[in-house]
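S.K.: Starting off with a structure, shown below.
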Amino acid sequence: MALNLLNGNSEALELLDWSMLVSSISSLSHFELTKTKLEAPPAARSIAMIQGDLNLLESYLANYDDYSLSFNSKLRLLPESETFFKLIPDIKREKFFEARELHFLAQIAECYIECLPLFSNLVFEENYAIERDKLSKIKRYFTNPLRDFVDHSGSVSYERHPVLKKLYAEVLALENDLRITVQKAAKSDLYSSKLQLDNFDIINDRYVLAVRSDSYNSDLGPIVARSQSGMTLFVEPYEVREKGNKRIHLLSEIESTILKLTIELSKVVHSYSDEFKLMSEWSLALDWLNTKATYTQKLGLSKPTLNEKFYFEFNGLYHPLLKAPIKNNVLLDSGHKGLIISGPNTGGKTVALKSITLSLLMVHLGLYVPAVHADIHPVSDLFYFSHDHQNLSEGLSSFASESKYYLELLQSLGPLNLIIIDEIFNSTSSEEASALAIAFLDEVHRRSNSKVVLSTHHQVLKTFMHSRGDYVSAHVGYDFDLNRPTYKLILGEPGSSLAFKIFENLSEKFGLKTGISERAKDLLDKKQVTYETLLQELSQKKIDLDKLLAQNRTLNIELKNQKSSMEGTLYLERERIITDYTKKIKSLFDQAETLLSDVKSGKMANRRTLNNEIGGIQSALIREAPEKKNKEDPENIYAHMRPIEFEEIKTNDTVFSVVIRKNVKVLNTNPRKKEIQIQHGALSVWVSPSTLRYPSGSKPPAPKVSINIQKSVRGEIEVDCRGMRLEEFQKIAEQSIDEVITGEIPFVTIIHGHGDGVLKNWLRSYLRKEHRDLRWENIEGNDGCTKIYS
């Protein structure tokens, strides 16, 4: 049965295991009110409201670790009972609260004030904002005074309050005196032989001794109480009576003082009734938001995209109550009126229908959906029909009851309806059921703009709807190798019910060899058997293809991973070589700078030693220089032969290959890869154009004219320009700086002299204006020279 699920239809929700889903979600809530809210049937809401909730949940999930930690450490300290939240309306009625009730209200206020900065990035905080001045007054005139005599556990702490502290101290001293006095009395001759018990007791705030009833006389003191049997009398000795009266008087003073304090604090609470209402609503809203976020994290739900165009697309849809569920894709676009699912029993048809329905219901709760991706229209008229329709209370058969519900549906259709039917007209003959179903669906679409998702075994129905084309056909798969359903939804074509196949498998499982399946096939129309067989074969081929595609995807991923691993290894090795080479070259430059510094300072005066040092550095540079190509390299052997440009090579040309060292024939060219396919005898290979030359004996075209510009390089890393004219200095300085930029020298030190000379000023100005990317500095504070490097 079913009617609109978004209109308080709790009975229909049970067909979807809604209570189990709600229980799973509510177990993550803290407050009982949140759990109670979830137990109510979901109601339809507008797209704008749903989108606002989804955006808020997304914001919470973006900082989930921080927010959930704050929630668990702060808000979970509040009492979860629904009873306490019922105090909030009492504030408006100006009820005077007890200390225990004021403690709860203080907890909410303290939690709100303390947690507000922790959740300040949440947009919904704006809905519960309270002026800082009011919060300050609530803290100053309510929470702080309350904490003077009620601690954070809710217990009255007399020592905190100056008045209560004094009274309580007197009570403690008096109680100590009373204990000593009554214990002495118990040991006296007057009482010791008459006691039923050796120790004293406190009854009705009176310190008493247990006296045997047959030993009592008026000299012992007044009777305060009797045992149930009457054999024991609880007597207050005369020596403790006055002290007991004083104690009771002090206790009443304490109660009176607490009553006055709670009345005054209740008046403060009354003046901020709206603020306490907002703070309590904030606590409940935050609990609901944390519940949704935690459930989303736990199940891996995804934020759906909401559309106005009335279509549904799910990628990786699954049932939220199943462990390790199979994920399916479902598409019901705007160009189709519905989706019809066929296939074997227990193959996943009902699970697919329930998954779609639950997703729509969860969206109206402001929850994410159980799918990898979903693009849906959140309809406000959602109907779900189960295949069990028998109604014994009304004396209706399954078919009559089902028909009744469908007729009621026609009367309650909205403007946009999503109707989900599990096993339509399953309780009557297949041909009649198919005809009725087709006519019923046509009537639904005639009366309203509706989309229908249904499952069926009826051959005529699935064949007719597939051929007509206004419904998307789909079926659930079956693994014939393992003899079990795959629970995978396959879009595009109907599927076989596989009744004969499943019956045969079960027969083998029970060890029975019968001819029932064959006999049944003979009784059926041959066309029907052929059609079901073709559907079965088509389903099997689809499954085999999916397996092959899955294997290819896995292999492709493994190859990509291997390639990435090799590229990473090569990159690391290259970086290591470059780092080592850079260190060696830097060390040589440092040696050269040290040698230059020693020569300038006079430490290196011996020319022979200087030449030895220079020779050592030069030898090291030669060792680190890239090796020249071996003279036997084929490209060097044929260097005198003119190379051919790729654009000059044509198919069937004859060219000379420096690799094969013979004339070869051009078979093909690949402009994209810049490769040439050549042939020599039976050998055919692709090669680079750089390995080809004009054939021997041929006359190559005139070479292209090229202009080479030679540039002289100074190569000096230190230039002494003292005494030069500005024009000469500018020319040398610019050339040296260019050599630094081009990398021909690592740096240059230009000596221009101290003071505010023309050379130094021009150089510094030139560097600031024209070469901001270059770095320059004085050497050890020597302003007479400037060291420049890139």
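Ordered as shown in the structure tokens, chains take letters A, B, and onward, while each chain numbers its residues from 1 and ligands are numbered from 1 in the order shown.
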Just the residues within 12 Å of A:Ser188, please, counting only C-alpha atoms, with nothing from its chain fewer than 5 positions along; format it as a VMD selection string.

M.R.: chain A and resid 181 to 183 193 to 195 198 220 237

S.K.: Convert the current residue selection to file output with C-alpha atoms, as a compact mmCIF listing (two decimals), in the first residue's frame.

M.R.:
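New file part-v7.txt:
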# COMPACT_ATOMS: atom_id res chain seq x y z
CA THR A 181 25.88 14.39 72.66
CA VAL A 182 23.63 11.59 71.40
CA GLN A 183 26.50 9.08 71.45
CA SER A 193 20.38 -1.32 78.81
CA LYS A 194 17.26 -0.26 76.92
CA LEU A 195 18.62 0.18 73.37
CA ASP A 198 23.88 0.64 69.64
CA LEU A 220 13.97 8.83 78.03
CA PRO A 237 16.94 12.34 74.24

S.K.: Residues near stretch 417-429 of chain A, anyone? I mean within 9 Å using only C-alpha atoms, not counting same-chain ones fewer than 3 positions away, as a PDB file with N, CA and C atoms, in the first residue's frame.

M.R.:
ATOM      1  N   LYS A 349      15.752  -5.583  -7.571  1.00  0.00           N
ATOM      2  CA  LYS A 349      14.778  -4.618  -8.091  1.00  0.00           C
ATOM      3  C   LYS A 349      14.180  -3.791  -6.953  1.00  0.00           C
ATOM      4  N   THR A 350      13.733  -4.475  -5.902  1.00  0.00           N
ATOM      5  CA  THR A 350      13.117  -3.774  -4.767  1.00  0.00           C
ATOM      6  C   THR A 350      14.121  -2.860  -4.080  1.00  0.00           C
ATOM      7  N   LEU A 353      14.435   0.323  -6.072  1.00  0.00           N
ATOM      8  CA  LEU A 353      13.278   1.204  -5.889  1.00  0.00           C
ATOM      9  C   LEU A 353      13.325   1.886  -4.516  1.00  0.00           C
ATOM     10  N   LYS A 354      13.670   1.120  -3.486  1.00  0.00           N
ATOM     11  CA  LYS A 354      13.742   1.699  -2.140  1.00  0.00           C
ATOM     12  C   LYS A 354      14.872   2.726  -2.041  1.00  0.00           C
ATOM     13  N   ILE A 356      15.999   4.722  -4.358  1.00  0.00           N
ATOM     14  CA  ILE A 356      15.537   5.972  -4.977  1.00  0.00           C
ATOM     15  C   ILE A 356      14.591   6.709  -4.028  1.00  0.00           C
ATOM     16  N   THR A 357      13.627   5.960  -3.471  1.00  0.00           N
ATOM     17  CA  THR A 357      12.624   6.579  -2.592  1.00  0.00           C
ATOM     18  C   THR A 357      13.268   7.167  -1.340  1.00  0.00           C
ATOM     19  N   VAL A 379      10.657  16.260  -5.432  1.00  0.00           N
ATOM     20  CA  VAL A 379       9.202  16.354  -5.574  1.00  0.00           C
ATOM     21  C   VAL A 379       8.532  16.438  -4.208  1.00  0.00           C
ATOM     22  N   SER A 380       7.409  17.121  -4.177  1.00  0.00           N
ATOM     23  CA  SER A 380       6.624  17.195  -2.934  1.00  0.00           C
ATOM     24  C   SER A 380       5.524  16.131  -2.914  1.00  0.00           C
ATOM     25  N   ASP A 381       5.301  15.454  -4.040  1.00  0.00           N
ATOM     26  CA  ASP A 381       4.315  14.364  -4.119  1.00  0.00           C
ATOM     27  C   ASP A 381       5.053  13.080  -4.492  1.00  0.00           C
ATOM     28  N   LEU A 382       5.323  12.269  -3.477  1.00  0.00           N
ATOM     29  CA  LEU A 382       6.113  11.045  -3.645  1.00  0.00           C
ATOM     30  C   LEU A 382       5.275   9.858  -3.180  1.00  0.00           C
ATOM     31  N   PHE A 383       5.070   8.885  -4.061  1.00  0.00           N
ATOM     32  CA  PHE A 383       4.218   7.736  -3.762  1.00  0.00           C
ATOM     33  C   PHE A 383       5.022   6.446  -3.893  1.00  0.00           C
ATOM     34  N   TYR A 384       4.795   5.533  -2.960  1.00  0.00           N
ATOM     35  CA  TYR A 384       5.478   4.232  -3.017  1.00  0.00           C
ATOM     36  C   TYR A 384       4.455   3.112  -2.797  1.00  0.00           C
ATOM     37  N   PHE A 385       4.436   2.126  -3.699  1.00  0.00           N
ATOM     38  CA  PHE A 385       3.514   1.001  -3.625  1.00  0.00           C
ATOM     39  C   PHE A 385       4.312  -0.288  -3.505  1.00  0.00           C
ATOM     40  N   SER A 386       4.008  -1.056  -2.473  1.00  0.00           N
ATOM     41  CA  SER A 386       4.633  -2.360  -2.287  1.00  0.00           C
ATOM     42  C   SER A 386       3.816  -3.415  -3.014  1.00  0.00           C
ATOM     43  N   HIS A 387       4.421  -4.608  -3.206  1.00  0.00           N
ATOM     44  CA  HIS A 387       3.704  -5.663  -3.951  1.00  0.00           C
ATOM     45  C   HIS A 387       2.777  -6.489  -3.069  1.00  0.00           C
ATOM     46  N   ASP A 388       2.814  -6.273  -1.726  1.00  0.00           N
ATOM     47  CA  ASP A 388       1.905  -7.010  -0.852  1.00  0.00           C
ATOM     48  C   ASP A 388       0.717  -6.105  -0.513  1.00  0.00           C
ATOM     49  N   HIS A 389      -0.431  -6.336  -1.107  1.00  0.00           N
ATOM     50  CA  HIS A 389      -1.579  -5.428  -0.975  1.00  0.00           C
ATOM     51  C   HIS A 389      -2.795  -6.061  -0.300  1.00  0.00           C
ATOM     52  N   SER A 397      -9.036  -8.918  -1.611  1.00  0.00           N
ATOM     53  CA  SER A 397      -7.919  -9.720  -2.083  1.00  0.00           C
ATOM     54  C   SER A 397      -6.740  -8.808  -2.408  1.00  0.00           C
ATOM     55  N   SER A 398      -5.597  -9.426  -2.679  1.00  0.00           N
ATOM     56  CA  SER A 398      -4.410  -8.635  -3.021  1.00  0.00           C
ATOM     57  C   SER A 398      -4.668  -7.773  -4.246  1.00  0.00           C
ATOM     58  N   PHE A 399      -5.310  -8.383  -5.284  1.00  0.00           N
ATOM     59  CA  PHE A 399      -5.565  -7.636  -6.510  1.00  0.00           C
ATOM     60  C   PHE A 399      -6.565  -6.499  -6.268  1.00  0.00           C
ATOM     61  N   GLU A 402      -4.911  -3.738  -4.244  1.00  0.00           N
ATOM     62  CA  GLU A 402      -3.977  -2.974  -5.071  1.00  0.00           C
ATOM     63  C   GLU A 402      -4.720  -2.031  -6.001  1.00  0.00           C
ATOM     64  N   SER A 403      -5.776  -2.522  -6.611  1.00  0.00           N
ATOM     65  CA  SER A 403      -6.570  -1.688  -7.514  1.00  0.00           C
ATOM     66  C   SER A 403      -7.161  -0.499  -6.770  1.00  0.00           C
ATOM     67  N   LEU A 413      -3.310  12.860  -7.146  1.00  0.00           N
ATOM     68  CA  LEU A 413      -2.108  13.269  -7.876  1.00  0.00           C
ATOM     69  C   LEU A 413      -1.877  14.769  -7.760  1.00  0.00           C
ATOM     70  N   GLY A 414      -0.615  15.166  -7.586  1.00  0.00           N
ATOM     71  CA  GLY A 414      -0.247  16.576  -7.558  1.00  0.00           C
ATOM     72  C   GLY A 414       0.234  17.015  -8.926  1.00  0.00           C
ATOM     73  N   GLU A 432      -3.390 -10.104 -18.472  1.00  0.00           N
ATOM     74  CA  GLU A 432      -4.332  -9.102 -17.953  1.00  0.00           C
ATOM     75  C   GLU A 432      -3.587  -8.009 -17.190  1.00  0.00           C
ATOM     76  N   ALA A 433      -2.604  -8.440 -16.396  1.00  0.00           N
ATOM     77  CA  ALA A 433      -1.827  -7.480 -15.609  1.00  0.00           C
ATOM     78  C   ALA A 433      -1.103  -6.492 -16.517  1.00  0.00           C
ATOM     79  N   SER A 434      -0.505  -6.973 -17.600  1.00  0.00           N
ATOM     80  CA  SER A 434       0.217  -6.102 -18.526  1.00  0.00           C
ATOM     81  C   SER A 434      -0.719  -5.086 -19.158  1.00  0.00           C
ATOM     82  N   LEU A 436      -3.680  -4.035 -18.037  1.00  0.00           N
ATOM     83  CA  LEU A 436      -4.144  -3.088 -17.025  1.00  0.00           C
ATOM     84  C   LEU A 436      -3.054  -2.078 -16.664  1.00  0.00           C
ATOM     85  N   ALA A 437      -1.826  -2.571 -16.541  1.00  0.00           N
ATOM     86  CA  ALA A 437      -0.721  -1.694 -16.161  1.00  0.00           C
ATOM     87  C   ALA A 437      -0.483  -0.627 -17.221  1.00  0.00           C
ATOM     88  N   SER A 448      -1.719  13.948 -15.141  1.00  0.00           N
ATOM     89  CA  SER A 448      -0.708  14.753 -14.430  1.00  0.00           C
ATOM     90  C   SER A 448       0.650  14.641 -15.125  1.00  0.00           C
ATOM     91  N   ASN A 449       1.529  15.510 -14.693  1.00  0.00           N
ATOM     92  CA  ASN A 449       2.928  15.425 -15.126  1.00  0.00           C
ATOM     93  C   ASN A 449       3.647  14.550 -14.105  1.00  0.00           C
ATOM     94  N   SER A 450       3.731  13.271 -14.384  1.00  0.00           N
ATOM     95  CA  SER A 450       4.282  12.311 -13.421  1.00  0.00           C
ATOM     96  C   SER A 450       5.398  11.504 -14.060  1.00  0.00           C
ATOM     97  N   LYS A 451       6.289  11.045 -13.197  1.00  0.00           N
ATOM     98  CA  LYS A 451       7.287  10.060 -13.613  1.00  0.00           C
ATOM     99  C   LYS A 451       7.083   8.823 -12.747  1.00  0.00           C
ATOM    100  N   VAL A 452       7.183   7.658 -13.392  1.00  0.00           N
ATOM    101  CA  VAL A 452       6.892   6.396 -12.721  1.00  0.00           C
ATOM    102  C   VAL A 452       8.118   5.492 -12.810  1.00  0.00           C
ATOM    103  N   VAL A 453       8.497   4.937 -11.676  1.00  0.00           N
ATOM    104  CA  VAL A 453       9.559   3.924 -11.636  1.00  0.00           C
ATOM    105  C   VAL A 453       8.913   2.654 -11.114  1.00  0.00           C
ATOM    106  N   LEU A 454       8.987   1.571 -11.905  1.00  0.00           N
ATOM    107  CA  LEU A 454       8.300   0.352 -11.487  1.00  0.00           C
ATOM    108  C   LEU A 454       9.129  -0.877 -11.827  1.00  0.00           C
ATOM    109  N   SER A 455       8.816  -1.956 -11.127  1.00  0.00           N
ATOM    110  CA  SER A 455       9.441  -3.253 -11.425  1.00  0.00           C
ATOM    111  C   SER A 455       8.352  -4.225 -11.853  1.00  0.00           C
ATOM    112  N   THR A 456       8.739  -5.201 -12.683  1.00  0.00           N
ATOM    113  CA  THR A 456       7.739  -6.153 -13.180  1.00  0.00           C
ATOM    114  C   THR A 456       8.413  -7.408 -13.701  1.00  0.00           C
ATOM    115  N   HIS A 457       7.612  -8.504 -13.719  1.00  0.00           N
ATOM    116  CA  HIS A 457       8.008  -9.742 -14.391  1.00  0.00           C
ATOM    117  C   HIS A 457       7.191  -9.942 -15.667  1.00  0.00           C
ATOM    118  N   HIS A 458       6.173  -9.120 -15.883  1.00  0.00           N
ATOM    119  CA  HIS A 458       5.242  -9.347 -16.994  1.00  0.00           C
ATOM    120  C   HIS A 458       5.934  -9.079 -18.328  1.00  0.00           C
TER     121      HIS A 458
END

S.K.: Which residues come within 9 Å of A:Asn315, counting only C-alpha atoms, excluding same-chain residues fewer than 2 positions away, as a list in words?

M.R.: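 Residues near the query, excluding close chain neighbours: Glu313, Leu317, Lys327, Asn328, Asn329, Val330, Leu331, Ala371, Val372, His373, Ala374 and Asp375 of chain A.
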
S.K.: Could you name the residues that touch A:Leu322 at 12 Å or less, counting only C-alpha atoms, but leaving out those on the same chain fewer than 5 positions away, as a PDB file with C-alpha atoms, in the first residue's frame?

M.R.:
ATOM      1  CA  ASP A  17      12.246   0.271   6.682  1.00  0.00           C
ATOM      2  CA  MET A  20      15.358   1.441  10.996  1.00  0.00           C
ATOM      3  CA  LEU A  21      16.890   4.304   9.029  1.00  0.00           C
ATOM      4  CA  SER A  24      20.375   4.623  12.756  1.00  0.00           C
ATOM      5  CA  LEU A 299      27.982   6.390   5.353  1.00  0.00           C
ATOM      6  CA  LEU A 317      23.284   4.865  -5.838  1.00  0.00           C
ATOM      7  CA  LYS A 327      26.227   0.768  -6.261  1.00  0.00           C
ATOM      8  CA  GLY A 348      17.844  -6.192  -6.479  1.00  0.00           C
ATOM      9  CA  VAL A 351      16.414  -2.497  -3.325  1.00  0.00           C
ATOM     10  CA  ALA A 352      16.829  -0.167  -6.302  1.00  0.00           C
ATOM     11  CA  LYS A 354      13.742   1.699  -2.140  1.00  0.00           C
ATOM     12  CA  SER A 355      17.124   3.393  -2.659  1.00  0.00           C
ATOM     13  CA  PRO A 370      23.473   7.584  -0.573  1.00  0.00           C
TER      14      PRO A 370
END

S.K.: Find the distance between atom CA of A:Leu339 and atom CA of A:Ala435 and write it in Å to one decimal.

M.R.: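 Interatomic distance here is 17.4 Å.
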
S.K.: Skipping near chain neighbours, those fewer than 2 positions away, what residues fall within 12 Å of A:Ser215 using only C-alpha atoms, listed as a VMD selection string?

M.R.: chain A and resid 190 to 196 210 to 213 217 to 220 231 to 233 235

S.K.: Could you write out that same residue set with C-alpha atoms as a compact mmCIF listing (two decimals), in the first residue's frame?

M.R.:
# COMPACT_ATOMS: atom_id res chain seq x y z
CA LEU A 190 19.69 5.61 81.41
CA TYR A 191 19.83 4.25 77.84
CA SER A 192 22.52 1.56 77.49
CA SER A 193 20.38 -1.32 78.81
CA LYS A 194 17.26 -0.26 76.92
CA LEU A 195 18.62 0.18 73.37
CA GLN A 196 17.58 -2.01 70.49
CA ALA A 210 16.33 3.00 69.02
CA VAL A 211 14.73 1.91 72.31
CA ARG A 212 12.90 -1.38 72.94
CA SER A 213 9.21 -0.63 73.36
CA ASN A 217 9.44 5.48 79.93
CA SER A 218 8.87 9.22 79.61
CA ASP A 219 12.25 10.04 81.19
CA LEU A 220 13.97 8.83 78.03
CA MET A 231 8.84 -3.38 68.88
CA THR A 232 11.23 -0.44 68.48
CA LEU A 233 10.66 3.19 69.45
CA VAL A 235 13.30 8.39 70.99

S.K.: Taking 5 positions as the minimum chain separation for residues in the same chain, which residues sit within 12 Å of A:Phe276 when counting only C-alpha atoms? Answer as a ChimeraX atom specification.

M.R.: /A:85,87-92,102,104-113,128-130,134-135,138,142,268-271,281-283

S.K.: Would you kindly return, as a ChimeraX atom specification, each protein, DNA or RNA residue with an atom no farther than 7 Å from any atom of stretch 56-67 of chain A, considering only C-alpha atoms and excluding same-chain residues fewer than 3 positions away?

M.R.: /A:52-53,70-71,119,122-123,289,293

S.K.: Write the residues of the preceding selection, restricted to N, CA and C atoms, as a PDB file, in the first residue's frame.

M.R.:
ATOM      1  N   GLY A  52      19.127  25.480   1.287  1.00  0.00           N
ATOM      2  CA  GLY A  52      19.732  26.162   2.434  1.00  0.00           C
ATOM      3  C   GLY A  52      20.288  25.176   3.445  1.00  0.00           C
ATOM      4  N   ASP A  53      19.530  24.110   3.727  1.00  0.00           N
ATOM      5  CA  ASP A  53      20.000  23.083   4.666  1.00  0.00           C
ATOM      6  C   ASP A  53      21.228  22.350   4.136  1.00  0.00           C
ATOM      7  N   SER A  70      34.288  20.374  19.153  1.00  0.00           N
ATOM      8  CA  SER A  70      33.682  21.404  20.009  1.00  0.00           C
ATOM      9  C   SER A  70      32.316  20.943  20.508  1.00  0.00           C
ATOM     10  N   PHE A  71      31.530  20.336  19.623  1.00  0.00           N
ATOM     11  CA  PHE A  71      30.198  19.863  20.011  1.00  0.00           C
ATOM     12  C   PHE A  71      30.297  18.801  21.101  1.00  0.00           C
ATOM     13  N   PHE A 119      31.752  28.315  16.516  1.00  0.00           N
ATOM     14  CA  PHE A 119      30.899  28.021  15.356  1.00  0.00           C
ATOM     15  C   PHE A 119      30.572  29.293  14.567  1.00  0.00           C
ATOM     16  N   LEU A 122      29.660  29.360  10.738  1.00  0.00           N
ATOM     17  CA  LEU A 122      28.427  28.761  10.230  1.00  0.00           C
ATOM     18  C   LEU A 122      27.400  29.851   9.944  1.00  0.00           C
ATOM     19  N   VAL A 123      26.806  29.791   8.766  1.00  0.00           N
ATOM     20  CA  VAL A 123      25.839  30.810   8.357  1.00  0.00           C
ATOM     21  C   VAL A 123      24.626  30.821   9.289  1.00  0.00           C
ATOM     22  N   LEU A 289      22.280  19.380  13.277  1.00  0.00           N
ATOM     23  CA  LEU A 289      23.299  19.577  12.247  1.00  0.00           C
ATOM     24  C   LEU A 289      24.474  18.623  12.466  1.00  0.00           C
ATOM     25  N   ALA A 293      25.742  15.619   9.930  1.00  0.00           N
ATOM     26  CA  ALA A 293      27.133  15.603   9.466  1.00  0.00           C
ATOM     27  C   ALA A 293      27.816  14.292   9.842  1.00  0.00           C
TER      28      ALA A 293
END
